[in-house]
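Worksheet: the structure to be examined is printed underneath.
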Amino acid sequence: MTQAPRRGYVATRFGQLHYAECGTGEPVLLLHQTPRSWTEYLDVLPLVGTARRAIAMDTLGFGASAKPAGPHSVERYADAAGALVDALGLDRYHLVGHHTGGVIAVELAARHPDRVASLLLSATPFVDAEKRRAAVRVDHVVPRPDGSHLLDLWNHRRGFYRDGEEAALHRYLVDALTVLDRVTEGHEAVRRYAMAERLPLVRARTLAVCAPGDHHALPSLPKLAAALGCPTRLLSGGHVPVPEQLPGEFAELVLDWVGRG
């Protein structure tokens, strides 16, 4: 039987940061895409927790973490993730990041090459001139008095999910509504990130993976791998929400990569 996640907060200069964790042993920090929360790893967390201390945080500005004023940036997300790592006393840890979480993981690994034991980048965008030109509006809605924008929000991502995966789509909707006034800012922060300057600083053993149906991220996979000189892996299926669609395969991949060190 898998264990229920333990929930907690740490106090930082940004305000309180929320996280959930399962298991004990070597820590593995999982970072979610935006505008999601730790619940993107709801089913992955206890599986990774069978062999490691699996920790999924709510990125600064999302989920139940503090939502400070001011512009979002990958650097500030990484500042807050670093503050959580310090507060939890994680001297050395493994990193897993999905979509925006992968970009944050790149920044953390570039800053702390002596502390990041391994890096798994899932569907992580390669931020170049082409990426900066591609405005992502998938989560953008205009609130209307009749509430019809809620259906718009649902339908914008409905195509990423198969029939029977509505529970995961509900979790997305809850997360997006929590930050509806700033729902696209995570994507905008990624497009502003100076990734080319940071990738050469990454020293951690790295694996780049993607779901075959994730047409948003799949074109970045060979570019990211070439820049980092790392291997790649395609999952057996799935789309943008692959940690929710294939939690067992995703968790097995994480544990395999972490264990190779």
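Lettering and numbering for the structure tokens are positional, with chains as A, B, ... in the shown order, residues counted from 1 in each chain, and ligands counted from 1 in the shown order.
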
For this session: Show which residues sit within 8 Å of Arg157 in chain A, as a PyMOL selection string. Count only C-alpha atoms, and ignore same-chain residues fewer than 2 positions away.
Result: chain A and resi 138-139+153-155+159-161+169

For this session: From a DSSP calculation on the backbone, collect every residue of range 4-126 of chain A in alpha helix (DSSP H) and output the set as a PyMOL selection string.
Result: chain A and resi 44-48+74-87+100-111

Exercise. If you run DSSP on this backbone, which residues of range 25-115 of chain A come out as strand (DSSP E), and could you give them as a PyMOL selection string?
Worked result: chain A and resi 27-31+53-57+93-98

Written selection (all heavy atoms) as a short mmCIF file (atom, residue, chain, number, x, y, z; two decimals), in the first residue's frame:
```
data_model
loop_
_atom_site.label_atom_id
_atom_site.label_comp_id
_atom_site.auth_asym_id
_atom_site.auth_seq_id
_atom_site.Cartn_x
_atom_site.Cartn_y
_atom_site.Cartn_z
N PRO A 27 17.05 12.60 -0.82
CA PRO A 27 15.94 13.44 -1.25
C PRO A 27 15.89 13.64 -2.77
O PRO A 27 16.91 13.78 -3.43
CB PRO A 27 16.20 14.78 -0.54
CG PRO A 27 17.66 14.78 -0.24
CD PRO A 27 18.09 13.35 -0.09
N VAL A 28 14.66 13.63 -3.28
CA VAL A 28 14.38 13.92 -4.68
C VAL A 28 13.34 15.04 -4.69
O VAL A 28 12.22 14.86 -4.21
CB VAL A 28 13.83 12.69 -5.42
CG1 VAL A 28 13.56 13.02 -6.89
CG2 VAL A 28 14.77 11.50 -5.30
N LEU A 29 13.71 16.19 -5.23
CA LEU A 29 12.81 17.34 -5.29
C LEU A 29 12.16 17.39 -6.66
O LEU A 29 12.85 17.44 -7.68
CB LEU A 29 13.58 18.63 -5.01
CG LEU A 29 12.77 19.93 -5.08
CD1 LEU A 29 11.68 19.95 -4.01
CD2 LEU A 29 13.69 21.15 -4.93
N LEU A 30 10.82 17.39 -6.69
CA LEU A 30 10.06 17.42 -7.93
C LEU A 30 9.40 18.78 -8.10
O LEU A 30 8.70 19.26 -7.19
CB LEU A 30 9.01 16.31 -7.94
CG LEU A 30 9.55 14.88 -7.82
CD1 LEU A 30 9.39 14.36 -6.40
CD2 LEU A 30 8.85 13.94 -8.79
N LEU A 31 9.61 19.38 -9.26
CA LEU A 31 9.11 20.72 -9.56
C LEU A 31 8.08 20.63 -10.69
O LEU A 31 8.36 20.05 -11.75
CB LEU A 31 10.26 21.64 -9.96
CG LEU A 31 11.41 21.75 -8.93
CD1 LEU A 31 12.56 22.57 -9.50
CD2 LEU A 31 10.91 22.35 -7.62
N ARG A 53 13.31 9.84 -0.38
CA ARG A 53 12.50 10.90 0.22
C ARG A 53 12.04 11.81 -0.93
O ARG A 53 12.80 12.63 -1.43
CB ARG A 53 13.31 11.70 1.25
CG ARG A 53 12.49 12.80 1.91
CD ARG A 53 13.35 13.65 2.84
NE ARG A 53 12.57 14.72 3.45
CZ ARG A 53 13.09 15.69 4.19
NH1 ARG A 53 14.41 15.73 4.41
NH2 ARG A 53 12.31 16.63 4.71
N ALA A 54 10.82 11.64 -1.35
CA ALA A 54 10.27 12.37 -2.50
C ALA A 54 9.55 13.62 -2.00
O ALA A 54 8.65 13.53 -1.17
CB ALA A 54 9.31 11.48 -3.27
N ILE A 55 9.95 14.78 -2.51
CA ILE A 55 9.40 16.06 -2.07
C ILE A 55 8.89 16.82 -3.31
O ILE A 55 9.63 17.01 -4.27
CB ILE A 55 10.48 16.92 -1.38
CG1 ILE A 55 11.11 16.16 -0.23
CG2 ILE A 55 9.89 18.24 -0.89
CD1 ILE A 55 12.44 16.74 0.24
N ALA A 56 7.64 17.22 -3.28
CA ALA A 56 7.08 18.04 -4.35
C ALA A 56 6.63 19.36 -3.75
O ALA A 56 5.77 19.38 -2.87
CB ALA A 56 5.91 17.32 -5.02
N MET A 57 7.21 20.45 -4.20
CA MET A 57 6.86 21.76 -3.66
C MET A 57 5.89 22.48 -4.57
O MET A 57 5.79 22.17 -5.77
CB MET A 57 8.11 22.62 -3.47
CG MET A 57 8.73 23.14 -4.76
SD MET A 57 10.09 24.33 -4.47
CE MET A 57 9.21 25.73 -3.76
N TYR A 93 20.87 16.70 -3.20
CA TYR A 93 19.55 16.20 -3.58
C TYR A 93 19.49 15.99 -5.09
O TYR A 93 20.29 16.52 -5.86
CB TYR A 93 18.46 17.17 -3.14
CG TYR A 93 18.62 18.58 -3.68
CD1 TYR A 93 17.95 19.00 -4.83
CD2 TYR A 93 19.47 19.50 -3.05
CE1 TYR A 93 18.11 20.27 -5.34
CE2 TYR A 93 19.63 20.79 -3.55
CZ TYR A 93 18.96 21.16 -4.69
OH TYR A 93 19.12 22.43 -5.19
N HIS A 94 18.52 15.19 -5.50
CA HIS A 94 18.23 14.95 -6.91
C HIS A 94 17.09 15.87 -7.33
O HIS A 94 16.21 16.20 -6.53
CB HIS A 94 17.84 13.49 -7.14
CG HIS A 94 18.89 12.51 -6.70
ND1 HIS A 94 19.89 12.06 -7.53
CD2 HIS A 94 19.10 11.92 -5.49
CE1 HIS A 94 20.66 11.22 -6.87
NE2 HIS A 94 20.22 11.11 -5.63
N LEU A 95 17.10 16.26 -8.59
CA LEU A 95 16.11 17.21 -9.10
C LEU A 95 15.33 16.61 -10.26
O LEU A 95 15.92 16.02 -11.18
CB LEU A 95 16.80 18.48 -9.60
CG LEU A 95 16.86 19.70 -8.68
CD1 LEU A 95 17.64 20.82 -9.37
CD2 LEU A 95 15.47 20.18 -8.29
N VAL A 96 14.01 16.78 -10.22
CA VAL A 96 13.12 16.40 -11.32
C VAL A 96 12.26 17.61 -11.64
O VAL A 96 11.66 18.20 -10.73
CB VAL A 96 12.21 15.21 -10.94
CG1 VAL A 96 11.25 14.88 -12.07
CG2 VAL A 96 13.05 14.00 -10.56
N GLY A 97 12.21 18.00 -12.90
CA GLY A 97 11.38 19.14 -13.28
C GLY A 97 10.59 18.84 -14.54
O GLY A 97 11.10 18.23 -15.47
N HIS A 98 9.33 19.26 -14.53
CA HIS A 98 8.43 19.03 -15.67
C HIS A 98 8.00 20.37 -16.25
O HIS A 98 7.51 21.23 -15.52
CB HIS A 98 7.22 18.22 -15.20
CG HIS A 98 6.26 17.84 -16.30
ND1 HIS A 98 6.64 17.09 -17.39
CD2 HIS A 98 4.94 18.10 -16.47
CE1 HIS A 98 5.60 16.89 -18.18
NE2 HIS A 98 4.56 17.52 -17.65
#
```

With a cut-off of 12 Å, could you pull out the residues of range 33-103 of chain A touching range 13-16 of chain A and give me the nearest pair of atoms for each, distance in Å to one decimal, using only C-alpha atoms, ordered by chain and ascending number, as a Markdown table?
```
| residue | atom | partner | partner_atom | distance |
| --- | --- | --- | --- | --- |
| A:Met57 | CA | A:Gln16 | CA | 11.3 |
| A:Asp58 | CA | A:Gln16 | CA | 10.3 |
| A:Thr59 | CA | A:Gln16 | CA | 11.0 |
| A:Leu60 | CA | A:Phe14 | CA | 8.0 |
| A:Gly61 | CA | A:Phe14 | CA | 9.6 |
| A:Phe62 | CA | A:Gln16 | CA | 11.6 |
| A:Gly63 | CA | A:Gln16 | CA | 11.4 |
| A:Ala64 | CA | A:Gln16 | CA | 8.6 |
| A:Ser65 | CA | A:Gln16 | CA | 6.0 |
| A:Ala66 | CA | A:Gly15 | CA | 5.3 |
| A:Lys67 | CA | A:Gly15 | CA | 8.0 |
| A:Pro68 | CA | A:Phe14 | CA | 6.9 |
| A:Ala69 | CA | A:Phe14 | CA | 10.0 |
| A:Gly70 | CA | A:Phe14 | CA | 11.4 |
| A:Arg76 | CA | A:Phe14 | CA | 9.5 |
| A:Tyr77 | CA | A:Phe14 | CA | 10.2 |
| A:Ala78 | CA | A:Phe14 | CA | 11.7 |
| A:Asp79 | CA | A:Phe14 | CA | 9.1 |
| A:Ala80 | CA | A:Phe14 | CA | 6.9 |
| A:Ala81 | CA | A:Phe14 | CA | 10.5 |
| A:Gly82 | CA | A:Phe14 | CA | 11.4 |
| A:Ala83 | CA | A:Arg13 | CA | 8.2 |
| A:Leu84 | CA | A:Gln16 | CA | 9.3 |
| A:Ala87 | CA | A:Gln16 | CA | 11.0 |
```

Take the residues from that selection and put them in a file with all heavy atoms, as a compact mmCIF listing (two decimals), in the first residue's frame.
```
# COMPACT_ATOMS: atom_id res chain seq x y z
N MET A 57 7.21 20.45 -4.20
CA MET A 57 6.86 21.76 -3.66
C MET A 57 5.89 22.48 -4.57
O MET A 57 5.79 22.17 -5.77
CB MET A 57 8.11 22.62 -3.47
CG MET A 57 8.73 23.14 -4.76
SD MET A 57 10.09 24.33 -4.47
CE MET A 57 9.21 25.73 -3.76
N ASP A 58 5.16 23.43 -4.01
CA ASP A 58 4.41 24.39 -4.81
C ASP A 58 5.34 25.54 -5.15
O ASP A 58 5.87 26.21 -4.25
CB ASP A 58 3.21 24.94 -4.03
CG ASP A 58 2.07 23.93 -3.90
OD1 ASP A 58 2.08 22.93 -4.65
OD2 ASP A 58 1.18 24.15 -3.07
N THR A 59 5.59 25.75 -6.43
CA THR A 59 6.44 26.84 -6.87
C THR A 59 5.94 28.16 -6.30
O THR A 59 4.73 28.37 -6.14
CB THR A 59 6.44 26.92 -8.41
OG1 THR A 59 6.94 25.69 -8.93
CG2 THR A 59 7.28 28.06 -8.93
N LEU A 60 6.85 29.04 -5.97
CA LEU A 60 6.48 30.38 -5.51
C LEU A 60 5.45 30.99 -6.46
O LEU A 60 5.64 31.00 -7.68
CB LEU A 60 7.72 31.27 -5.46
CG LEU A 60 7.50 32.71 -4.97
CD1 LEU A 60 7.18 32.72 -3.48
CD2 LEU A 60 8.72 33.58 -5.26
N GLY A 61 4.34 31.48 -5.88
CA GLY A 61 3.31 32.10 -6.69
C GLY A 61 2.20 31.15 -7.12
O GLY A 61 1.22 31.59 -7.73
N PHE A 62 2.33 29.85 -6.80
CA PHE A 62 1.36 28.87 -7.25
C PHE A 62 0.95 27.95 -6.11
O PHE A 62 1.62 27.88 -5.07
CB PHE A 62 1.95 28.04 -8.41
CG PHE A 62 2.25 28.87 -9.62
CD1 PHE A 62 3.50 29.45 -9.78
CD2 PHE A 62 1.29 29.10 -10.59
CE1 PHE A 62 3.79 30.23 -10.89
CE2 PHE A 62 1.56 29.89 -11.70
CZ PHE A 62 2.82 30.45 -11.86
N GLY A 63 -0.15 27.25 -6.30
CA GLY A 63 -0.62 26.32 -5.29
C GLY A 63 -0.87 27.01 -3.97
O GLY A 63 -1.46 28.08 -3.91
N ALA A 64 -0.38 26.40 -2.89
CA ALA A 64 -0.55 26.97 -1.55
C ALA A 64 0.68 27.73 -1.09
O ALA A 64 0.74 28.14 0.08
CB ALA A 64 -0.87 25.85 -0.56
N SER A 65 1.65 27.95 -1.96
CA SER A 65 2.81 28.75 -1.60
C SER A 65 2.49 30.23 -1.67
O SER A 65 1.49 30.65 -2.28
CB SER A 65 3.99 28.43 -2.53
OG SER A 65 4.60 27.21 -2.18
N ALA A 66 3.35 31.04 -1.04
CA ALA A 66 3.16 32.49 -1.02
C ALA A 66 3.07 33.04 -2.44
O ALA A 66 3.69 32.51 -3.38
CB ALA A 66 4.32 33.14 -0.28
N LYS A 67 2.29 34.09 -2.58
CA LYS A 67 2.08 34.73 -3.88
C LYS A 67 2.45 36.20 -3.80
O LYS A 67 1.60 37.08 -3.73
CB LYS A 67 0.63 34.55 -4.32
CG LYS A 67 0.25 33.08 -4.49
CD LYS A 67 -1.21 32.88 -4.77
CE LYS A 67 -1.49 31.41 -5.03
NZ LYS A 67 -1.09 30.54 -3.89
N PRO A 68 3.75 36.48 -3.79
CA PRO A 68 4.21 37.87 -3.64
C PRO A 68 3.93 38.69 -4.89
O PRO A 68 3.76 38.16 -5.99
CB PRO A 68 5.71 37.72 -3.41
CG PRO A 68 6.06 36.44 -4.09
CD PRO A 68 4.88 35.55 -3.91
N ALA A 69 3.87 39.99 -4.70
CA ALA A 69 3.71 40.90 -5.84
C ALA A 69 5.00 40.96 -6.63
O ALA A 69 6.04 40.46 -6.21
CB ALA A 69 3.32 42.29 -5.33
N GLY A 70 4.93 41.58 -7.78
CA GLY A 70 6.12 41.74 -8.60
C GLY A 70 6.17 40.72 -9.72
O GLY A 70 5.43 39.73 -9.71
N ARG A 76 13.62 34.01 -9.74
CA ARG A 76 12.95 34.13 -8.45
C ARG A 76 12.33 32.79 -8.03
O ARG A 76 12.34 32.45 -6.85
CB ARG A 76 11.90 35.24 -8.47
CG ARG A 76 11.36 35.53 -7.07
CD ARG A 76 10.69 36.88 -6.96
NE ARG A 76 9.37 36.87 -7.58
CZ ARG A 76 8.37 37.68 -7.20
NH1 ARG A 76 8.55 38.55 -6.22
NH2 ARG A 76 7.21 37.64 -7.81
N TYR A 77 11.80 32.05 -8.99
CA TYR A 77 11.32 30.70 -8.67
C TYR A 77 12.45 29.87 -8.07
O TYR A 77 12.26 29.14 -7.09
CB TYR A 77 10.82 29.99 -9.92
CG TYR A 77 9.62 30.57 -10.60
CD1 TYR A 77 9.43 30.39 -11.97
CD2 TYR A 77 8.64 31.27 -9.91
CE1 TYR A 77 8.32 30.89 -12.63
CE2 TYR A 77 7.52 31.78 -10.56
CZ TYR A 77 7.37 31.59 -11.93
OH TYR A 77 6.27 32.09 -12.58
N ALA A 78 13.63 29.97 -8.67
CA ALA A 78 14.78 29.20 -8.19
C ALA A 78 15.25 29.71 -6.83
O ALA A 78 15.68 28.91 -5.98
CB ALA A 78 15.92 29.25 -9.20
N ASP A 79 15.18 31.01 -6.61
CA ASP A 79 15.51 31.56 -5.29
C ASP A 79 14.65 30.90 -4.22
O ASP A 79 15.15 30.49 -3.16
CB ASP A 79 15.26 33.07 -5.26
CG ASP A 79 16.28 33.87 -6.05
OD1 ASP A 79 17.36 33.35 -6.35
OD2 ASP A 79 15.97 35.05 -6.36
N ALA A 80 13.34 30.82 -4.51
CA ALA A 80 12.42 30.26 -3.52
C ALA A 80 12.63 28.76 -3.35
O ALA A 80 12.61 28.24 -2.22
CB ALA A 80 10.98 30.54 -3.95
N ALA A 81 12.86 28.04 -4.45
CA ALA A 81 13.14 26.60 -4.34
C ALA A 81 14.40 26.36 -3.53
O ALA A 81 14.47 25.44 -2.71
CB ALA A 81 13.26 25.98 -5.73
N GLY A 82 15.41 27.20 -3.75
CA GLY A 82 16.64 27.09 -2.96
C GLY A 82 16.40 27.36 -1.49
O GLY A 82 17.00 26.72 -0.62
N ALA A 83 15.49 28.30 -1.20
CA ALA A 83 15.16 28.60 0.19
C ALA A 83 14.47 27.40 0.85
O ALA A 83 14.73 27.09 2.02
CB ALA A 83 14.26 29.83 0.27
N LEU A 84 13.61 26.72 0.10
CA LEU A 84 12.95 25.53 0.64
C LEU A 84 13.97 24.42 0.89
O LEU A 84 13.94 23.76 1.94
CB LEU A 84 11.86 25.05 -0.30
CG LEU A 84 11.12 23.79 0.18
CD1 LEU A 84 9.61 23.98 0.12
CD2 LEU A 84 11.52 22.57 -0.64
N ALA A 87 15.83 25.27 3.99
CA ALA A 87 15.00 25.13 5.19
C ALA A 87 14.80 23.67 5.57
O ALA A 87 14.68 23.33 6.75
CB ALA A 87 13.65 25.82 4.97
```

Leaving out Ala123 in chain A and any residue of its chain fewer than 6 positions from it, which residues lie within 6 Å of it when counting only C-alpha atoms, given as an mmCIF file with N, CA, C and O atoms, in the first residue's frame?
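Writing the result to out28.cif gives the following:
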```cif
data_model
loop_
_atom_site.group_PDB
_atom_site.id
_atom_site.type_symbol
_atom_site.label_atom_id
_atom_site.label_comp_id
_atom_site.auth_asym_id
_atom_site.auth_seq_id
_atom_site.Cartn_x
_atom_site.Cartn_y
_atom_site.Cartn_z
ATOM 1 N N HIS A 98 9.329 19.261 -14.535
ATOM 2 C CA HIS A 98 8.428 19.026 -15.671
ATOM 3 C C HIS A 98 8.001 20.365 -16.252
ATOM 4 O O HIS A 98 7.510 21.230 -15.521
ATOM 5 N N HIS A 99 8.182 20.547 -17.574
ATOM 6 C CA HIS A 99 7.866 21.805 -18.251
ATOM 7 C C HIS A 99 8.535 22.980 -17.523
ATOM 8 O O HIS A 99 9.747 22.994 -17.397
ATOM 9 N N CYS A 210 10.512 13.026 -22.582
ATOM 10 C CA CYS A 210 9.299 13.694 -23.054
ATOM 11 C C CYS A 210 8.252 12.652 -23.408
ATOM 12 O O CYS A 210 8.594 11.512 -23.769
ATOM 13 N N ALA A 217 6.442 20.389 -26.198
ATOM 14 C CA ALA A 217 7.798 20.203 -25.677
ATOM 15 C C ALA A 217 8.677 19.321 -26.541
ATOM 16 O O ALA A 217 9.906 19.442 -26.492
#
```

Exercise. Of the candidates A:Ala251, A:Val44, A:Leu207, A:Val258, which one gets nearest to Leu221 in chain A if we count only C-alpha atoms?
Worked result: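 For Leu221 in chain A, the nearest of the given residues is A:Leu207.
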
Problem set entry | Nearest residue to Val179 in chain A from the set A:Val116, A:Val242, A:Val141, A:Leu235 (distances using only C-alpha atoms) |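 Closest candidate: A:Val141.
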